[in-house]
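J.: I have a structure here, written as structure tokens, and I will follow up with some questions on it.
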Amino acid sequence: MEIINFLHKVFKLSEVKDFISKSAERERKPDEKYKSWIGFNYKQNKLDSVKLYFAYYDELTPEFISSLFSDKQTKLYFRDYEKRNTEAIISSYEFGSGFAIGLKIDTDLNVTKAFGYNLRLEQCDSYFLSERGFKMSDILPHKGVYHHFMKDMSYEKQYYYFKNKEVIINKLEEIQMQACINTPILEVGFGKGFYKDSNASDEKYILLGNYEEVFKLFIANDIAFSALKADFHTLEEQISIEGFCPGIYQNLKVQSFYIGYKQDGIIHFDSIEKIVAKIA
């Protein structure tokens, strides 16, 4: 699928236009941090979906969340609020930071909504990790929790941020990514993913930190899907973007990467809005 034409179709969807408009136009404080970016998923060397994310660094009100999500989903958003890790959420330098909301659109133009933020670790996280052979000392002191809402189902996915170098090296070797061992943090998502035959036992590895260097190593590596490489270079040439945070599922069936809009050597924090303006 030609990547630019696909994005044209995505940005013309009324649900997508409404979501982008409300998300981008949310009133923010003069010094409030904000980010938006786009991601892409590839399954077995074919484009599978595009992902649109918005991250905020101040509390989101029930009125704002309910303008984008159903009443039931809005209640779920605030369910674990007392457990949130505010320090990790509001810092734009912390991995997994921000109150994040987003859309995922597959190549059949089916739309999934999502939201998430970082929660403080609890005893149940220690049990969860120990069952998989990890220790709490292997990770940063918070986890990301994201909820995804499809038309006929919903699911939750948890993300842990591994800092232990030995664990990172071992995980990268499992997915044939030895060339990228200089990533300082490995984000591991446990649970069902977005692609159609994903299941609860799936694991996804996302490479965080040293962004430019790591992505160049990934895109030059034989492990990267040829379709992913071709689409990235098309976006790079036609829109002016920079790639970061490559990701691969443990089963090697799915790969992903993210982009930000780049102008005069600077990445813009409002990347979705800039890219929509370029190609819509």
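Scheme for the structure tokens: letters A, B, ... for chains in order shown; per-chain residue numbers from 1; ligand numbers from 1 in order shown.
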List as a ChimeraX atom specification the protein and nucleic acid residues near Ser66 (chain A), meaning an atom at most 12 Å away when only C-alpha atoms are counted, but skip any in the same chain fewer than 4 places from it.
T.: /A:19,22-23,60-62,70-78
J.: Please produce an output containing C-alpha atoms for each residue in the selection, written as a tab-separated table (two decimals), in the first residue's frame.
T.:
```tsv
chain	number	residue	atom	x	y	z
A	19	PHE	CA	-10.27	13.40	17.23
A	22	LYS	CA	-10.30	18.21	19.65
A	23	SER	CA	-6.93	16.84	20.78
A	60	LEU	CA	-6.88	16.15	31.79
A	61	THR	CA	-10.42	16.99	32.84
A	62	PRO	CA	-13.42	14.65	32.68
A	70	SER	CA	-17.64	7.12	25.95
A	71	ASP	CA	-18.91	7.56	29.53
A	72	LYS	CA	-17.77	4.04	30.43
A	73	GLN	CA	-14.32	4.65	28.94
A	74	THR	CA	-14.04	8.01	30.72
A	75	LYS	CA	-14.76	6.34	34.07
A	76	LEU	CA	-12.06	3.77	33.30
A	77	TYR	CA	-9.59	6.58	32.54
A	78	PHE	CA	-10.06	7.97	36.06
```
J.: I want to know what sits within 7 Å of region 186-203 of chain A, based on only C-alpha atoms, with residues of the same chain fewer than 6 positions away left out; could you give that as a ChimeraX atom specification?
T.: /A:157-163,168,249-250
J.: Which residues of region 114-140 of chain A come within 7 Å of region 83-92 of chain A, and what is each one's closest atom pair and distance in Å (one decimal), counting only C-alpha atoms, sorted by chain and residue number, as CSV?
T.:
```
residue,atom,partner,partner_atom,distance
A:Tyr117,CA,A:Ile89,CA,6.6
A:Asn118,CA,A:Asn85,CA,5.6
A:Leu119,CA,A:Arg84,CA,4.2
A:Arg120,CA,A:Asn85,CA,5.1
```
J.: At a cut-off of 7 Å, using only C-alpha atoms, what residues contact Tyr53 (chain A)? Leave out same-chain residues fewer than 2 positions from it and give the result as a PyMOL selection string.
T.: chain A and resi 36-38+51+55+100-103
J.: Run DSSP on the backbone of this structure and report the residues of region 59-272 of chain A it assigns to strand (DSSP E), as a PDB file with N, CA and C atoms, in the first residue's frame.
T.:
```pdb
ATOM      1  N   PHE A  99       0.179  12.219  29.763  1.00  0.00           N
ATOM      2  CA  PHE A  99      -1.139  11.607  29.693  1.00  0.00           C
ATOM      3  C   PHE A  99      -1.417  11.410  28.209  1.00  0.00           C
ATOM      4  N   ALA A 100      -1.421  10.171  27.743  1.00  0.00           N
ATOM      5  CA  ALA A 100      -1.475   9.899  26.306  1.00  0.00           C
ATOM      6  C   ALA A 100      -2.863   9.446  25.867  1.00  0.00           C
ATOM      7  N   ILE A 101      -3.308   9.966  24.733  1.00  0.00           N
ATOM      8  CA  ILE A 101      -4.524   9.489  24.092  1.00  0.00           C
ATOM      9  C   ILE A 101      -4.185   9.249  22.627  1.00  0.00           C
ATOM     10  N   GLY A 102      -4.956   8.398  21.962  1.00  0.00           N
ATOM     11  CA  GLY A 102      -4.597   8.141  20.575  1.00  0.00           C
ATOM     12  C   GLY A 102      -5.607   7.327  19.809  1.00  0.00           C
ATOM     13  N   LEU A 103      -5.312   7.186  18.522  1.00  0.00           N
ATOM     14  CA  LEU A 103      -6.095   6.383  17.601  1.00  0.00           C
ATOM     15  C   LEU A 103      -5.169   5.424  16.880  1.00  0.00           C
ATOM     16  N   LYS A 104      -5.693   4.236  16.566  1.00  0.00           N
ATOM     17  CA  LYS A 104      -4.995   3.301  15.687  1.00  0.00           C
ATOM     18  C   LYS A 104      -5.952   2.965  14.556  1.00  0.00           C
ATOM     19  N   ILE A 105      -5.472   3.063  13.323  1.00  0.00           N
ATOM     20  CA  ILE A 105      -6.318   2.836  12.148  1.00  0.00           C
ATOM     21  C   ILE A 105      -5.664   1.786  11.276  1.00  0.00           C
ATOM     22  N   ASP A 106      -6.348   0.660  11.044  1.00  0.00           N
ATOM     23  CA  ASP A 106      -5.761  -0.391  10.223  1.00  0.00           C
ATOM     24  C   ASP A 106      -5.995  -0.108   8.740  1.00  0.00           C
ATOM     25  N   VAL A 111     -11.098   1.849  13.133  1.00  0.00           N
ATOM     26  CA  VAL A 111     -10.495   2.768  14.098  1.00  0.00           C
ATOM     27  C   VAL A 111     -10.587   2.215  15.521  1.00  0.00           C
ATOM     28  N   THR A 112      -9.475   2.255  16.236  1.00  0.00           N
ATOM     29  CA  THR A 112      -9.412   1.889  17.643  1.00  0.00           C
ATOM     30  C   THR A 112      -8.940   3.098  18.441  1.00  0.00           C
ATOM     31  N   LYS A 113      -9.632   3.385  19.549  1.00  0.00           N
ATOM     32  CA  LYS A 113      -9.211   4.475  20.423  1.00  0.00           C
ATOM     33  C   LYS A 113      -8.368   3.920  21.562  1.00  0.00           C
ATOM     34  N   ALA A 114      -7.532   4.773  22.151  1.00  0.00           N
ATOM     35  CA  ALA A 114      -6.671   4.319  23.243  1.00  0.00           C
ATOM     36  C   ALA A 114      -6.317   5.482  24.158  1.00  0.00           C
ATOM     37  N   PHE A 115      -6.029   5.159  25.409  1.00  0.00           N
ATOM     38  CA  PHE A 115      -5.459   6.142  26.325  1.00  0.00           C
ATOM     39  C   PHE A 115      -4.601   5.433  27.362  1.00  0.00           C
ATOM     40  N   GLY A 116      -3.716   6.179  28.018  1.00  0.00           N
ATOM     41  CA  GLY A 116      -2.880   5.573  29.041  1.00  0.00           C
ATOM     42  C   GLY A 116      -2.013   6.585  29.747  1.00  0.00           C
ATOM     43  N   TYR A 117      -1.401   6.142  30.846  1.00  0.00           N
ATOM     44  CA  TYR A 117      -0.449   6.964  31.591  1.00  0.00           C
ATOM     45  C   TYR A 117       0.351   6.039  32.496  1.00  0.00           C
ATOM     46  N   ASN A 118       1.331   6.594  33.183  1.00  0.00           N
ATOM     47  CA  ASN A 118       2.196   5.785  34.048  1.00  0.00           C
ATOM     48  C   ASN A 118       1.601   5.628  35.438  1.00  0.00           C
ATOM     49  N   LEU A 119       1.662   4.414  35.955  1.00  0.00           N
ATOM     50  CA  LEU A 119       1.227   4.123  37.314  1.00  0.00           C
ATOM     51  C   LEU A 119       2.426   3.711  38.161  1.00  0.00           C
ATOM     52  N   ARG A 120       2.312   3.983  39.450  1.00  0.00           N
ATOM     53  CA  ARG A 120       3.350   3.522  40.372  1.00  0.00           C
ATOM     54  C   ARG A 120       3.322   1.998  40.439  1.00  0.00           C
ATOM     55  N   ILE A 139      13.963  -2.669  36.306  1.00  0.00           N
ATOM     56  CA  ILE A 139      13.125  -1.715  35.583  1.00  0.00           C
ATOM     57  C   ILE A 139      13.085  -0.349  36.269  1.00  0.00           C
ATOM     58  N   LEU A 140      12.573   0.651  35.531  1.00  0.00           N
ATOM     59  CA  LEU A 140      12.318   1.960  36.116  1.00  0.00           C
ATOM     60  C   LEU A 140      11.138   1.847  37.089  1.00  0.00           C
ATOM     61  N   PRO A 141      11.003   2.791  38.031  1.00  0.00           N
ATOM     62  CA  PRO A 141       9.999   2.650  39.100  1.00  0.00           C
ATOM     63  C   PRO A 141       8.569   3.030  38.697  1.00  0.00           C
ATOM     64  N   HIS A 142       8.169   2.739  37.488  1.00  0.00           N
ATOM     65  CA  HIS A 142       6.794   2.954  37.062  1.00  0.00           C
ATOM     66  C   HIS A 142       6.517   2.071  35.847  1.00  0.00           C
ATOM     67  N   LYS A 143       5.254   1.938  35.514  1.00  0.00           N
ATOM     68  CA  LYS A 143       4.867   1.185  34.324  1.00  0.00           C
ATOM     69  C   LYS A 143       3.829   1.984  33.549  1.00  0.00           C
ATOM     70  N   GLY A 144       3.741   1.728  32.251  1.00  0.00           N
ATOM     71  CA  GLY A 144       2.697   2.335  31.438  1.00  0.00           C
ATOM     72  C   GLY A 144       1.517   1.386  31.333  1.00  0.00           C
ATOM     73  N   VAL A 145       0.308   1.911  31.494  1.00  0.00           N
ATOM     74  CA  VAL A 145      -0.904   1.124  31.341  1.00  0.00           C
ATOM     75  C   VAL A 145      -1.774   1.783  30.275  1.00  0.00           C
ATOM     76  N   TYR A 146      -2.085   1.027  29.224  1.00  0.00           N
ATOM     77  CA  TYR A 146      -2.863   1.573  28.104  1.00  0.00           C
ATOM     78  C   TYR A 146      -4.099   0.720  27.860  1.00  0.00           C
ATOM     79  N   HIS A 147      -5.209   1.401  27.605  1.00  0.00           N
ATOM     80  CA  HIS A 147      -6.474   0.748  27.300  1.00  0.00           C
ATOM     81  C   HIS A 147      -6.837   1.013  25.838  1.00  0.00           C
ATOM     82  N   HIS A 148      -7.222  -0.043  25.135  1.00  0.00           N
ATOM     83  CA  HIS A 148      -7.566   0.040  23.718  1.00  0.00           C
ATOM     84  C   HIS A 148      -9.030  -0.350  23.535  1.00  0.00           C
ATOM     85  N   PHE A 149      -9.740   0.426  22.719  1.00  0.00           N
ATOM     86  CA  PHE A 149     -11.172   0.208  22.531  1.00  0.00           C
ATOM     87  C   PHE A 149     -11.497   0.031  21.047  1.00  0.00           C
ATOM     88  N   SER A 154     -12.496  -4.573  24.025  1.00  0.00           N
ATOM     89  CA  SER A 154     -11.489  -3.687  24.597  1.00  0.00           C
ATOM     90  C   SER A 154     -10.449  -4.542  25.307  1.00  0.00           C
ATOM     91  N   TYR A 155      -9.261  -3.998  25.479  1.00  0.00           N
ATOM     92  CA  TYR A 155      -8.218  -4.737  26.179  1.00  0.00           C
ATOM     93  C   TYR A 155      -7.211  -3.776  26.780  1.00  0.00           C
ATOM     94  N   GLU A 156      -6.482  -4.280  27.773  1.00  0.00           N
ATOM     95  CA  GLU A 156      -5.482  -3.485  28.474  1.00  0.00           C
ATOM     96  C   GLU A 156      -4.105  -4.063  28.198  1.00  0.00           C
ATOM     97  N   LYS A 157      -3.125  -3.178  28.082  1.00  0.00           N
ATOM     98  CA  LYS A 157      -1.754  -3.613  27.852  1.00  0.00           C
ATOM     99  C   LYS A 157      -0.830  -2.878  28.827  1.00  0.00           C
ATOM    100  N   GLN A 158       0.142  -3.618  29.386  1.00  0.00           N
ATOM    101  CA  GLN A 158       1.075  -3.039  30.344  1.00  0.00           C
ATOM    102  C   GLN A 158       2.474  -2.964  29.736  1.00  0.00           C
ATOM    103  N   TYR A 159       3.161  -1.858  30.038  1.00  0.00           N
ATOM    104  CA  TYR A 159       4.505  -1.631  29.523  1.00  0.00           C
ATOM    105  C   TYR A 159       5.462  -1.402  30.697  1.00  0.00           C
ATOM    106  N   TYR A 160       6.574  -2.139  30.694  1.00  0.00           N
ATOM    107  CA  TYR A 160       7.611  -1.955  31.695  1.00  0.00           C
ATOM    108  C   TYR A 160       8.874  -1.442  30.991  1.00  0.00           C
ATOM    109  N   TYR A 161       9.659  -0.640  31.729  1.00  0.00           N
ATOM    110  CA  TYR A 161      10.822   0.026  31.144  1.00  0.00           C
ATOM    111  C   TYR A 161      12.094  -0.573  31.741  1.00  0.00           C
ATOM    112  N   PHE A 162      12.717  -1.478  30.999  1.00  0.00           N
ATOM    113  CA  PHE A 162      13.891  -2.205  31.493  1.00  0.00           C
ATOM    114  C   PHE A 162      15.151  -1.368  31.340  1.00  0.00           C
ATOM    115  N   ILE A 185      17.217   2.059  27.344  1.00  0.00           N
ATOM    116  CA  ILE A 185      15.987   1.561  27.939  1.00  0.00           C
ATOM    117  C   ILE A 185      15.253   0.699  26.918  1.00  0.00           C
ATOM    118  N   LEU A 186      14.763  -0.441  27.362  1.00  0.00           N
ATOM    119  CA  LEU A 186      13.941  -1.298  26.508  1.00  0.00           C
ATOM    120  C   LEU A 186      12.535  -1.327  27.093  1.00  0.00           C
ATOM    121  N   GLU A 187      11.599  -0.777  26.338  1.00  0.00           N
ATOM    122  CA  GLU A 187      10.196  -0.801  26.751  1.00  0.00           C
ATOM    123  C   GLU A 187       9.596  -2.128  26.288  1.00  0.00           C
ATOM    124  N   VAL A 188       9.055  -2.890  27.218  1.00  0.00           N
ATOM    125  CA  VAL A 188       8.472  -4.188  26.894  1.00  0.00           C
ATOM    126  C   VAL A 188       6.969  -4.141  27.172  1.00  0.00           C
ATOM    127  N   GLY A 189       6.190  -4.344  26.116  1.00  0.00           N
ATOM    128  CA  GLY A 189       4.748  -4.390  26.253  1.00  0.00           C
ATOM    129  C   GLY A 189       4.284  -5.828  26.365  1.00  0.00           C
ATOM    130  N   PHE A 190       3.584  -6.145  27.441  1.00  0.00           N
ATOM    131  CA  PHE A 190       3.082  -7.497  27.668  1.00  0.00           C
ATOM    132  C   PHE A 190       1.583  -7.531  27.389  1.00  0.00           C
ATOM    133  N   GLU A 203       4.680 -10.330  23.433  1.00  0.00           N
ATOM    134  CA  GLU A 203       5.584  -9.338  23.997  1.00  0.00           C
ATOM    135  C   GLU A 203       6.109  -8.471  22.864  1.00  0.00           C
ATOM    136  N   LYS A 204       6.119  -7.163  23.107  1.00  0.00           N
ATOM    137  CA  LYS A 204       6.671  -6.233  22.119  1.00  0.00           C
ATOM    138  C   LYS A 204       7.816  -5.456  22.748  1.00  0.00           C
ATOM    139  N   TYR A 205       8.927  -5.307  22.005  1.00  0.00           N
ATOM    140  CA  TYR A 205      10.102  -4.606  22.499  1.00  0.00           C
ATOM    141  C   TYR A 205      10.289  -3.303  21.715  1.00  0.00           C
ATOM    142  N   ILE A 206      10.335  -2.192  22.433  1.00  0.00           N
ATOM    143  CA  ILE A 206      10.504  -0.869  21.823  1.00  0.00           C
ATOM    144  C   ILE A 206      11.791  -0.265  22.348  1.00  0.00           C
ATOM    145  N   LEU A 207      12.649   0.192  21.451  1.00  0.00           N
ATOM    146  CA  LEU A 207      13.969   0.687  21.815  1.00  0.00           C
ATOM    147  C   LEU A 207      13.910   2.185  22.082  1.00  0.00           C
ATOM    148  N   LEU A 208      14.226   2.561  23.332  1.00  0.00           N
ATOM    149  CA  LEU A 208      14.128   3.952  23.763  1.00  0.00           C
ATOM    150  C   LEU A 208      15.506   4.533  24.068  1.00  0.00           C
ATOM    151  N   ILE A 241      10.688  14.025   7.758  1.00  0.00           N
ATOM    152  CA  ILE A 241      10.434  13.465   9.087  1.00  0.00           C
ATOM    153  C   ILE A 241      11.695  12.816   9.630  1.00  0.00           C
ATOM    154  N   GLU A 242      11.656  12.484  10.909  1.00  0.00           N
ATOM    155  CA  GLU A 242      12.734  11.716  11.523  1.00  0.00           C
ATOM    156  C   GLU A 242      12.125  10.506  12.211  1.00  0.00           C
ATOM    157  N   GLY A 243      12.764   9.359  12.083  1.00  0.00           N
ATOM    158  CA  GLY A 243      12.268   8.143  12.703  1.00  0.00           C
ATOM    159  C   GLY A 243      12.893   7.900  14.059  1.00  0.00           C
ATOM    160  N   PHE A 244      12.150   7.242  14.931  1.00  0.00           N
ATOM    161  CA  PHE A 244      12.672   6.906  16.249  1.00  0.00           C
ATOM    162  C   PHE A 244      11.890   5.729  16.823  1.00  0.00           C
ATOM    163  N   CYS A 245      12.398   5.186  17.915  1.00  0.00           N
ATOM    164  CA  CYS A 245      11.756   4.118  18.696  1.00  0.00           C
ATOM    165  C   CYS A 245      11.292   2.926  17.862  1.00  0.00           C
ATOM    166  N   PRO A 246      12.189   2.227  17.167  1.00  0.00           N
ATOM    167  CA  PRO A 246      11.767   1.008  16.472  1.00  0.00           C
ATOM    168  C   PRO A 246      11.295  -0.038  17.463  1.00  0.00           C
ATOM    169  N   GLY A 247      10.364  -0.884  17.020  1.00  0.00           N
ATOM    170  CA  GLY A 247       9.842  -1.929  17.896  1.00  0.00           C
ATOM    171  C   GLY A 247       9.643  -3.229  17.141  1.00  0.00           C
ATOM    172  N   ILE A 248       9.813  -4.343  17.826  1.00  0.00           N
ATOM    173  CA  ILE A 248       9.630  -5.660  17.217  1.00  0.00           C
ATOM    174  C   ILE A 248       8.946  -6.584  18.230  1.00  0.00           C
ATOM    175  N   TYR A 249       7.972  -7.351  17.764  1.00  0.00           N
ATOM    176  CA  TYR A 249       7.362  -8.361  18.615  1.00  0.00           C
ATOM    177  C   TYR A 249       8.309  -9.548  18.769  1.00  0.00           C
ATOM    178  N   VAL A 254       5.690  -8.808  13.727  1.00  0.00           N
ATOM    179  CA  VAL A 254       5.275  -7.406  13.630  1.00  0.00           C
ATOM    180  C   VAL A 254       6.424  -6.489  14.019  1.00  0.00           C
ATOM    181  N   GLN A 255       6.596  -5.411  13.236  1.00  0.00           N
ATOM    182  CA  GLN A 255       7.581  -4.386  13.536  1.00  0.00           C
ATOM    183  C   GLN A 255       6.888  -3.024  13.502  1.00  0.00           C
ATOM    184  N   SER A 256       7.483  -2.057  14.174  1.00  0.00           N
ATOM    185  CA  SER A 256       6.902  -0.723  14.192  1.00  0.00           C
ATOM    186  C   SER A 256       7.985   0.335  14.283  1.00  0.00           C
ATOM    187  N   PHE A 257       7.603   1.563  13.963  1.00  0.00           N
ATOM    188  CA  PHE A 257       8.468   2.709  14.205  1.00  0.00           C
ATOM    189  C   PHE A 257       7.593   3.949  14.320  1.00  0.00           C
ATOM    190  N   TYR A 258       8.188   5.031  14.813  1.00  0.00           N
ATOM    191  CA  TYR A 258       7.458   6.281  15.022  1.00  0.00           C
ATOM    192  C   TYR A 258       8.176   7.400  14.289  1.00  0.00           C
ATOM    193  N   ILE A 259       7.416   8.450  13.966  1.00  0.00           N
ATOM    194  CA  ILE A 259       8.015   9.587  13.270  1.00  0.00           C
ATOM    195  C   ILE A 259       7.584  10.901  13.910  1.00  0.00           C
ATOM    196  N   GLY A 260       8.465  11.890  13.767  1.00  0.00           N
ATOM    197  CA  GLY A 260       8.143  13.259  14.129  1.00  0.00           C
ATOM    198  C   GLY A 260       8.460  14.159  12.942  1.00  0.00           C
ATOM    199  N   TYR A 261       7.733  15.250  12.805  1.00  0.00           N
ATOM    200  CA  TYR A 261       7.969  16.191  11.706  1.00  0.00           C
ATOM    201  C   TYR A 261       9.240  16.995  11.973  1.00  0.00           C
ATOM    202  N   LYS A 262      10.099  17.078  10.951  1.00  0.00           N
ATOM    203  CA  LYS A 262      11.386  17.732  11.108  1.00  0.00           C
ATOM    204  C   LYS A 262      11.524  18.887  10.115  1.00  0.00           C
ATOM    205  N   GLN A 263      11.927  20.033  10.614  1.00  0.00           N
ATOM    206  CA  GLN A 263      12.126  21.210   9.753  1.00  0.00           C
ATOM    207  C   GLN A 263      13.358  21.969  10.226  1.00  0.00           C
ATOM    208  N   ILE A 266      15.084  20.535  13.193  1.00  0.00           N
ATOM    209  CA  ILE A 266      14.397  20.539  14.480  1.00  0.00           C
ATOM    210  C   ILE A 266      13.142  19.683  14.402  1.00  0.00           C
ATOM    211  N   ILE A 267      12.947  18.818  15.392  1.00  0.00           N
ATOM    212  CA  ILE A 267      11.730  18.017  15.489  1.00  0.00           C
ATOM    213  C   ILE A 267      10.652  18.849  16.177  1.00  0.00           C
TER     214      ILE A 267
END
```
J.: Please provide the set of residues having any atom within 8 Å of Phe225 (chain A), restricted to only C-alpha atoms, with same-chain residues fewer than 3 positions apart removed, written as a compact mmCIF listing (two decimals) with N, CA and C atoms, in the first residue's frame.
T.:
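Saved result, out.txt, follows:
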```
# COMPACT_ATOMS: atom_id res chain seq x y z
N TYR A 42 3.87 -2.85 10.98
CA TYR A 42 4.01 -3.71 9.80
C TYR A 42 3.92 -5.15 10.25
N GLN A 44 4.44 -8.96 8.98
CA GLN A 44 5.01 -9.84 7.96
C GLN A 44 5.26 -9.09 6.65
N ASN A 45 5.94 -7.97 6.79
CA ASN A 45 6.42 -7.15 5.67
C ASN A 45 5.32 -6.41 4.92
N ASP A 222 19.37 -5.89 8.54
CA ASP A 222 18.62 -6.85 7.71
C ASP A 222 17.31 -7.27 8.37
N LEU A 228 8.81 -1.68 5.38
CA LEU A 228 8.99 -0.63 6.39
C LEU A 228 10.07 0.34 5.95
N LYS A 229 11.19 -0.18 5.49
CA LYS A 229 12.28 0.68 5.03
C LYS A 229 11.84 1.56 3.88
N GLN A 255 6.60 -5.41 13.24
CA GLN A 255 7.58 -4.39 13.54
C GLN A 255 6.89 -3.02 13.50
```
J.: Once you count only C-alpha atoms, what closest atom pair and distance in Å to one decimal does each residue of region 50-168 of chain A within 9 Å of region 5-9 of chain A have, with rows by chain and rising residue number, as CSV?
T.:
```
residue,atom,partner,partner_atom,distance
A:Val50,CA,A:Leu7,CA,8.2
A:Thr107,CA,A:Phe6,CA,7.7
A:Leu109,CA,A:Lys9,CA,8.1
```
J.: Of the candidates A:Ile223, A:Val214, A:Leu129, A:Cys124, which shows the shortest atom-to-atom distance to Glu174 (chain A), using only C-alpha atoms?
T.: A:Ile223
